[in-house]
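Novice: Provided below: final17.cif, containing mmCIF, C-alpha atoms; chains and numbers go by the auth columns.
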data_run
#
loop_
_atom_site.group_PDB
_atom_site.id
_atom_site.type_symbol
_atom_site.label_atom_id
_atom_site.label_comp_id
_atom_site.label_asym_id
_atom_site.label_seq_id
_atom_site.Cartn_x
_atom_site.Cartn_y
_atom_site.Cartn_z
_atom_site.B_iso_or_equiv
_atom_site.auth_seq_id
_atom_site.auth_asym_id
ATOM 1 C CA MET A 1 15.495 -43.937 4.785 0.00 1 A
ATOM 2 C CA GLY A 2 17.968 -44.463 7.551 0.00 2 A
ATOM 3 C CA THR A 3 15.371 -44.652 10.314 0.00 3 A
ATOM 4 C CA PRO A 4 12.907 -47.443 11.028 0.00 4 A
ATOM 5 C CA GLU A 5 10.207 -44.910 11.902 0.00 5 A
ATOM 6 C CA SER A 6 9.283 -44.132 8.340 0.00 6 A
ATOM 7 C CA SER A 7 5.648 -43.069 8.477 0.00 7 A
ATOM 8 C CA SER A 8 4.741 -40.196 10.744 0.00 8 A
ATOM 9 C CA SER A 9 4.771 -39.416 14.399 0.00 9 A
ATOM 10 C CA GLU A 10 1.468 -38.069 15.696 0.00 10 A
ATOM 11 C CA ASP A 11 3.117 -35.739 18.214 0.00 11 A
ATOM 12 C CA CYS A 12 5.692 -34.414 15.725 0.00 12 A
ATOM 13 C CA PRO A 13 4.777 -30.845 14.661 0.00 13 A
ATOM 14 C CA PHE A 14 6.503 -31.226 11.279 0.00 14 A
ATOM 15 C CA CYS A 15 4.607 -34.463 10.534 0.00 15 A
ATOM 16 C CA LEU A 16 1.382 -32.549 11.250 0.00 16 A
ATOM 17 C CA ILE A 17 2.451 -29.758 8.874 0.00 17 A
ATOM 18 C CA ALA A 18 3.520 -32.256 6.190 0.00 18 A
ATOM 19 C CA ASN A 19 0.121 -33.956 6.456 0.00 19 A
ATOM 20 C CA ASN A 20 -1.800 -30.649 6.260 0.00 20 A
ATOM 21 C CA GLN A 21 -2.969 -31.018 9.861 0.00 21 A
ATOM 22 C CA ALA A 22 -1.554 -27.688 11.055 0.00 22 A
ATOM 23 C CA ASP A 23 -2.332 -24.066 10.304 0.00 23 A
ATOM 24 C CA THR A 24 0.912 -23.415 8.426 0.00 24 A
ATOM 25 C CA ASP A 25 1.293 -21.615 5.120 0.00 25 A
ATOM 26 C CA ILE A 26 2.891 -24.186 2.790 0.00 26 A
ATOM 27 C CA LEU A 27 5.006 -22.337 0.226 0.00 27 A
ATOM 28 C CA LEU A 28 6.241 -25.258 -1.895 0.00 28 A
ATOM 29 C CA THR A 29 5.394 -28.932 -1.857 0.00 29 A
ATOM 30 C CA ASP A 30 5.894 -32.158 -3.771 0.00 30 A
ATOM 31 C CA ASP A 31 5.438 -35.882 -3.137 0.00 31 A
ATOM 32 C CA GLU A 32 8.200 -36.083 -0.538 0.00 32 A
ATOM 33 C CA LEU A 33 8.957 -32.543 0.684 0.00 33 A
ATOM 34 C CA VAL A 34 7.180 -29.518 2.160 0.00 34 A
ATOM 35 C CA CYS A 35 8.549 -25.980 2.524 0.00 35 A
ATOM 36 C CA PHE A 36 7.353 -23.230 4.886 0.00 36 A
ATOM 37 C CA ARG A 37 8.673 -20.180 6.767 0.00 37 A
ATOM 38 C CA ASP A 38 10.611 -20.675 9.995 0.00 38 A
ATOM 39 C CA MET A 39 8.562 -19.418 12.982 0.00 39 A
ATOM 40 C CA LYS A 40 11.674 -17.791 14.493 0.00 40 A
ATOM 41 C CA PRO A 41 13.540 -16.442 11.487 0.00 41 A
ATOM 42 C CA GLY A 42 17.301 -16.109 11.760 0.00 42 A
ATOM 43 C CA ALA A 43 17.551 -14.027 8.568 0.00 43 A
ATOM 44 C CA THR A 44 15.379 -11.892 6.298 0.00 44 A
ATOM 45 C CA HIS A 45 14.533 -15.077 4.386 0.00 45 A
ATOM 46 C CA HIS A 46 14.410 -18.215 6.538 0.00 46 A
ATOM 47 C CA TYR A 47 12.617 -21.287 5.227 0.00 47 A
ATOM 48 C CA LEU A 48 12.438 -24.904 6.311 0.00 48 A
ATOM 49 C CA VAL A 49 12.299 -27.846 3.938 0.00 49 A
ATOM 50 C CA VAL A 50 10.998 -30.958 5.699 0.00 50 A
ATOM 51 C CA THR A 51 10.468 -34.530 4.608 0.00 51 A
ATOM 52 C CA ARG A 52 6.877 -35.782 4.478 0.00 52 A
ATOM 53 C CA THR A 53 8.158 -39.088 5.854 0.00 53 A
ATOM 54 C CA HIS A 54 9.393 -38.849 9.430 0.00 54 A
ATOM 55 C CA VAL A 55 13.196 -38.960 9.603 0.00 55 A
ATOM 56 C CA ASP A 56 14.632 -38.108 13.009 0.00 56 A
ATOM 57 C CA SER A 57 17.617 -35.965 12.004 0.00 57 A
ATOM 58 C CA CYS A 58 20.628 -35.626 9.723 0.00 58 A
ATOM 59 C CA LYS A 59 22.277 -38.311 11.897 0.00 59 A
ATOM 60 C CA SER A 60 19.666 -40.784 10.584 0.00 60 A
ATOM 61 C CA LEU A 61 20.709 -40.216 6.962 0.00 61 A
ATOM 62 C CA ARG A 62 22.714 -42.797 5.034 0.00 62 A
ATOM 63 C CA GLU A 63 24.486 -42.826 1.682 0.00 63 A
ATOM 64 C CA ASP A 64 21.328 -43.815 -0.213 0.00 64 A
ATOM 65 C CA ASP A 65 19.649 -40.643 1.123 0.00 65 A
ATOM 66 C CA ILE A 66 21.994 -38.378 -0.899 0.00 66 A
ATOM 67 C CA PRO A 67 19.366 -37.809 -3.656 0.00 67 A
ATOM 68 C CA LEU A 68 16.805 -36.829 -0.977 0.00 68 A
ATOM 69 C CA VAL A 69 19.189 -34.259 0.538 0.00 69 A
ATOM 70 C CA GLU A 70 19.934 -32.916 -2.954 0.00 70 A
ATOM 71 C CA ARG A 71 16.196 -32.512 -3.612 0.00 71 A
ATOM 72 C CA MET A 72 15.845 -30.696 -0.281 0.00 72 A
ATOM 73 C CA VAL A 73 18.568 -28.269 -1.434 0.00 73 A
ATOM 74 C CA GLU A 74 16.806 -27.781 -4.783 0.00 74 A
ATOM 75 C CA MET A 75 13.567 -26.879 -2.991 0.00 75 A
ATOM 76 C CA GLY A 76 15.461 -24.531 -0.641 0.00 76 A
ATOM 77 C CA ARG A 77 17.034 -22.756 -3.631 0.00 77 A
ATOM 78 C CA SER A 78 13.658 -22.614 -5.397 0.00 78 A
ATOM 79 C CA ILE A 79 11.927 -20.873 -2.505 0.00 79 A
ATOM 80 C CA LEU A 80 14.795 -18.376 -2.186 0.00 80 A
ATOM 81 C CA GLU A 81 14.673 -17.619 -5.929 0.00 81 A
ATOM 82 C CA LYS A 82 10.881 -17.356 -5.804 0.00 82 A
ATOM 83 C CA ASN A 83 11.298 -14.740 -3.075 0.00 83 A
ATOM 84 C CA LYS A 84 13.746 -12.709 -5.173 0.00 84 A
ATOM 85 C CA VAL A 85 16.955 -13.712 -3.393 0.00 85 A
ATOM 86 C CA SER A 86 19.382 -12.945 -6.203 0.00 86 A
ATOM 87 C CA ASP A 87 22.734 -13.682 -4.511 0.00 87 A
ATOM 88 C CA LEU A 88 22.657 -17.443 -3.985 0.00 88 A
ATOM 89 C CA ASP A 89 26.276 -17.277 -2.777 0.00 89 A
ATOM 90 C CA ASP A 90 25.070 -15.337 0.296 0.00 90 A
ATOM 91 C CA VAL A 91 22.967 -18.224 1.602 0.00 91 A
ATOM 92 C CA ARG A 92 23.320 -20.672 4.513 0.00 92 A
ATOM 93 C CA MET A 93 21.777 -24.101 4.108 0.00 93 A
ATOM 94 C CA GLY A 94 22.093 -26.861 6.615 0.00 94 A
ATOM 95 C CA PHE A 95 20.783 -28.886 9.513 0.00 95 A
ATOM 96 C CA HIS A 96 20.961 -28.675 13.274 0.00 96 A
ATOM 97 C CA VAL A 97 22.855 -31.550 14.835 0.00 97 A
ATOM 98 C CA PRO A 98 21.136 -33.489 17.648 0.00 98 A
ATOM 99 C CA PRO A 99 20.645 -32.777 20.473 0.00 99 A
ATOM 100 C CA PHE A 100 20.443 -29.166 19.220 0.00 100 A
ATOM 101 C CA SER A 101 17.482 -29.572 16.873 0.00 101 A
ATOM 102 C CA SER A 102 14.353 -27.922 18.210 0.00 102 A
ATOM 103 C CA VAL A 103 12.099 -30.422 16.403 0.00 103 A
ATOM 104 C CA PRO A 104 13.290 -34.040 16.038 0.00 104 A
ATOM 105 C CA HIS A 105 12.271 -34.278 12.375 0.00 105 A
ATOM 106 C CA LEU A 106 14.737 -33.749 9.532 0.00 106 A
ATOM 107 C CA HIS A 107 14.526 -30.157 8.314 0.00 107 A
ATOM 108 C CA LEU A 108 16.821 -28.155 6.080 0.00 108 A
ATOM 109 C CA HIS A 109 17.267 -24.492 6.991 0.00 109 A
ATOM 110 C CA ALA A 110 17.593 -22.135 4.015 0.00 110 A
ATOM 111 C CA LEU A 111 18.640 -18.651 5.159 0.00 111 A
ATOM 112 C CA ALA A 112 19.464 -15.492 3.193 0.00 112 A
ATOM 113 C CA PRO A 113 21.164 -13.118 3.142 0.00 113 A
ATOM 114 C CA ALA A 114 23.722 -14.826 5.384 0.00 114 A
ATOM 115 C CA SER A 115 25.905 -11.711 5.476 0.00 115 A
ATOM 116 C CA THR A 116 23.289 -9.723 7.418 0.00 116 A
ATOM 117 C CA MET A 117 22.431 -12.349 10.046 0.00 117 A
ATOM 118 C CA SER A 118 22.547 -11.075 13.641 0.00 118 A
ATOM 119 C CA PHE A 119 25.140 -12.251 16.156 0.00 119 A
ATOM 120 C CA LYS A 120 22.518 -14.519 17.754 0.00 120 A
ATOM 121 C CA SER A 121 21.632 -16.011 14.365 0.00 121 A
ATOM 122 C CA GLN A 122 25.335 -16.542 13.632 0.00 122 A
ATOM 123 C CA LEU A 123 25.548 -18.578 16.847 0.00 123 A
ATOM 124 C CA HIS A 124 22.719 -20.813 15.664 0.00 124 A
ATOM 125 C CA TYR A 125 23.406 -20.999 11.922 0.00 125 A
ATOM 126 C CA GLY A 126 26.849 -19.473 11.279 0.00 126 A
ATOM 127 C CA PRO A 127 30.111 -21.095 10.206 0.00 127 A
ATOM 128 C CA GLN A 128 31.385 -21.216 13.819 0.00 128 A
ATOM 129 C CA SER A 129 28.234 -22.867 15.204 0.00 129 A
ATOM 130 C CA HIS A 130 28.751 -26.246 16.855 0.00 130 A
ATOM 131 C CA TRP A 131 25.030 -26.919 16.446 0.00 131 A
ATOM 132 C CA PHE A 132 24.704 -26.417 12.701 0.00 132 A
ATOM 133 C CA ILE A 133 26.166 -28.512 9.889 0.00 133 A
ATOM 134 C CA THR A 134 26.070 -27.202 6.338 0.00 134 A
ATOM 135 C CA VAL A 135 24.365 -29.224 3.666 0.00 135 A
ATOM 136 C CA ASP A 136 27.712 -29.447 1.813 0.00 136 A
ATOM 137 C CA LYS A 137 29.291 -31.132 4.854 0.00 137 A
ATOM 138 C CA VAL A 138 26.331 -33.501 5.199 0.00 138 A
ATOM 139 C CA LEU A 139 26.584 -34.523 1.536 0.00 139 A
ATOM 140 C CA SER A 140 30.371 -34.882 1.756 0.00 140 A
ATOM 141 C CA GLN A 141 30.137 -37.099 4.851 0.00 141 A
ATOM 142 C CA LEU A 142 27.381 -39.223 3.310 0.00 142 A
ATOM 143 C CA LYS A 143 29.533 -39.722 0.192 0.00 143 A
ATOM 144 C CA THR A 144 32.737 -40.570 2.077 0.00 144 A
ATOM 145 C CA ARG A 145 31.472 -42.236 5.290 0.00 145 A
ATOM 146 C CA GLY A 146 27.941 -43.303 4.404 0.00 146 A
ATOM 147 C CA LYS A 147 26.630 -41.388 7.429 0.00 147 A
ATOM 148 C CA VAL A 148 26.837 -38.048 9.257 0.00 148 A
ATOM 149 C CA LYS A 149 29.238 -38.093 12.201 0.00 149 A
#
In structure tokens, what does this structure look like?

Specialist:
Amino acid sequence: MGTPESSSSEDCPFCLIANNQADTDILLTDDELVCFRDMKPGATHHYLVVTRTHVDSCKSLREDDIPLVERMVEMGRSILEKNKVSDLDDVRMGFHVPPFSSVPHLHLHALAPASTMSFKSQLHYGPQSHWFITVDKVLSQLKTRGKVK
């Protein structure tokens, strides 16, 4: 991982969720990732995929984290499919860019359907948002630059 703080942070809400120390309904889980509903949904379906290991943000990612990001996307797609989202082209997946992340722990937003998101949600997660970077851009930057700018 790109960050030296690789275990967990006791005051980080997502570390607590990942370690089953919070009253959150875990929808999908594996050895390195946990998925649950966003508390303030920006779309009909809005899920978060977080790393069990504390990573500060997408800015902490490096080229060797590409497989991790790809697995986060797979879990995001899985939860959408599990919840009967049939049009996977009408989906927004990405990360908030610091300092605009509400929780300083890497979390992928998976939202659907993107076409029906409200104006407010578009500001936070839409293509014109300065605060949100799509997972495709993150992967592209990691492949070409070795980091997220």

Novice: Which residue gives the smallest distance to Leu68 (chain A) among A:Asp136, A:Glu10, A:Asp87, A:Glu32, with all atoms listed in the file counted?

Specialist: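 The closest residue to Leu68 (chain A) is A:Glu32.
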
Novice: Please tabulate, as CSV, the residues of region 68-99 of chain A that come within 9 Å of region 42-50 of chain A, each with its closest pair of atoms and the distance in Å to one decimal, counting only C-alpha atoms and ordering rows by chain, then residue number upward.

Specialist:
residue,atom,partner,partner_atom,distance
A:Met72,CA,A:Val49,CA,6.2
A:Val73,CA,A:Val49,CA,8.3
A:Met75,CA,A:Val49,CA,7.1
A:Gly76,CA,A:Val49,CA,6.5
A:Ile79,CA,A:Tyr47,CA,7.8
A:Leu80,CA,A:His45,CA,7.4
A:Asn83,CA,A:His45,CA,8.1
A:Val85,CA,A:His45,CA,8.3

Novice: Enter the distance from CA of Pro67 (chain A) to CA of His105 (chain A), in Å, rounded to one decimal.

Specialist: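 Spanning CA of Pro67 (chain A) to CA of His105 (chain A) is a straight-line distance of 17.9 Å.
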
Novice: List as number ranges by chain the protein and nucleic acid residues near region 14-17 of chain A, meaning an atom at most 12 Å away when all atoms listed in the file are counted, but skip any in the same chain fewer than 2 places from it.

Specialist: A: 5-12, 19-27, 29, 32-38, 48-56, 102-108

Novice: Could you give me the centre and size, in Å to one decimal, of an axis-aligned box around all listed atoms of region 122-140 of chain A with 6 Å added on every side, as AutoDock Vina command-line options?

Specialist:
--center_x 27.1 --center_y -25.7 --center_z 9.2 --size_x 20.7 --size_y 30.3 --size_z 27.3

Novice: Start from the incomplete input, build N, CA, C and O atoms for region 37-57 of chain A, and deliver everything as a CSV table (one decimal), in the frame of the given file.

Specialist:
chain,number,residue,atom,x,y,z
A,37,ARG,N,7.8,-21.2,6.1
A,37,ARG,CA,8.7,-20.2,6.8
A,37,ARG,C,9.0,-20.7,8.2
A,37,ARG,O,8.2,-21.3,8.8
A,38,ASP,N,10.2,-20.4,8.6
A,38,ASP,CA,10.6,-20.7,10.0
A,38,ASP,C,9.9,-19.7,10.9
A,38,ASP,O,9.7,-18.5,10.6
A,39,MET,N,9.3,-20.2,12.0
A,39,MET,CA,8.6,-19.4,13.0
A,39,MET,C,9.4,-18.4,13.7
A,39,MET,O,9.0,-17.4,14.2
A,40,LYS,N,10.7,-18.7,13.8
A,40,LYS,CA,11.7,-17.8,14.5
A,40,LYS,C,12.8,-17.5,13.5
A,40,LYS,O,13.9,-18.1,13.6
A,41,PRO,N,12.6,-16.6,12.5
A,41,PRO,CA,13.5,-16.4,11.5
A,41,PRO,C,14.9,-15.9,12.0
A,41,PRO,O,14.9,-15.0,12.8
A,42,GLY,N,15.9,-16.5,11.4
A,42,GLY,CA,17.3,-16.1,11.8
A,42,GLY,C,17.9,-15.2,10.7
A,42,GLY,O,19.0,-14.8,10.8
A,43,ALA,N,17.1,-14.9,9.7
A,43,ALA,CA,17.6,-14.0,8.6
A,43,ALA,C,16.3,-13.5,7.9
A,43,ALA,O,15.2,-13.9,8.2
A,44,THR,N,16.5,-12.5,7.0
A,44,THR,CA,15.4,-11.9,6.3
A,44,THR,C,14.5,-13.0,5.6
A,44,THR,O,13.3,-13.0,5.7
A,45,HIS,N,15.2,-13.9,5.0
A,45,HIS,CA,14.5,-15.1,4.4
A,45,HIS,C,15.0,-16.3,5.2
A,45,HIS,O,16.2,-16.6,5.2
A,46,HIS,N,14.1,-17.0,5.8
A,46,HIS,CA,14.4,-18.2,6.5
A,46,HIS,C,13.3,-19.2,6.3
A,46,HIS,O,12.2,-19.1,6.8
A,47,TYR,N,13.6,-20.3,5.6
A,47,TYR,CA,12.6,-21.3,5.2
A,47,TYR,C,13.1,-22.6,5.7
A,47,TYR,O,14.3,-22.9,5.8
A,48,LEU,N,12.1,-23.5,5.9
A,48,LEU,CA,12.4,-24.9,6.3
A,48,LEU,C,11.9,-25.8,5.2
A,48,LEU,O,10.8,-25.6,4.7
A,49,VAL,N,12.7,-26.8,4.9
A,49,VAL,CA,12.3,-27.8,3.9
A,49,VAL,C,12.3,-29.1,4.8
A,49,VAL,O,13.3,-29.5,5.3
A,50,VAL,N,11.1,-29.7,4.9
A,50,VAL,CA,11.0,-31.0,5.7
A,50,VAL,C,10.5,-32.1,4.8
A,50,VAL,O,9.8,-31.9,3.8
A,51,THR,N,10.9,-33.3,5.3
A,51,THR,CA,10.5,-34.5,4.6
A,51,THR,C,9.0,-34.8,5.0
A,51,THR,O,8.7,-34.6,6.2
A,52,ARG,N,8.2,-35.3,4.1
A,52,ARG,CA,6.9,-35.8,4.5
A,52,ARG,C,7.0,-37.0,5.4
A,52,ARG,O,6.2,-37.2,6.3
A,53,THR,N,7.9,-37.9,5.1
A,53,THR,CA,8.2,-39.1,5.9
A,53,THR,C,9.0,-38.7,7.1
A,53,THR,O,10.0,-38.0,6.9
A,54,HIS,N,8.7,-39.2,8.2
A,54,HIS,CA,9.4,-38.8,9.4
A,54,HIS,C,10.8,-39.5,9.4
A,54,HIS,O,11.0,-40.7,9.4
A,55,VAL,N,11.8,-38.6,9.4
A,55,VAL,CA,13.2,-39.0,9.6
A,55,VAL,C,13.7,-38.2,10.8
A,55,VAL,O,13.5,-36.9,10.8
A,56,ASP,N,14.3,-38.8,11.8
A,56,ASP,CA,14.6,-38.1,13.0
A,56,ASP,C,15.5,-36.9,12.8
A,56,ASP,O,15.3,-35.8,13.3
A,57,SER,N,16.7,-37.1,12.1
A,57,SER,CA,17.6,-36.0,12.0
A,57,SER,C,18.6,-36.3,10.9
A,57,SER,O,18.6,-37.4,10.3
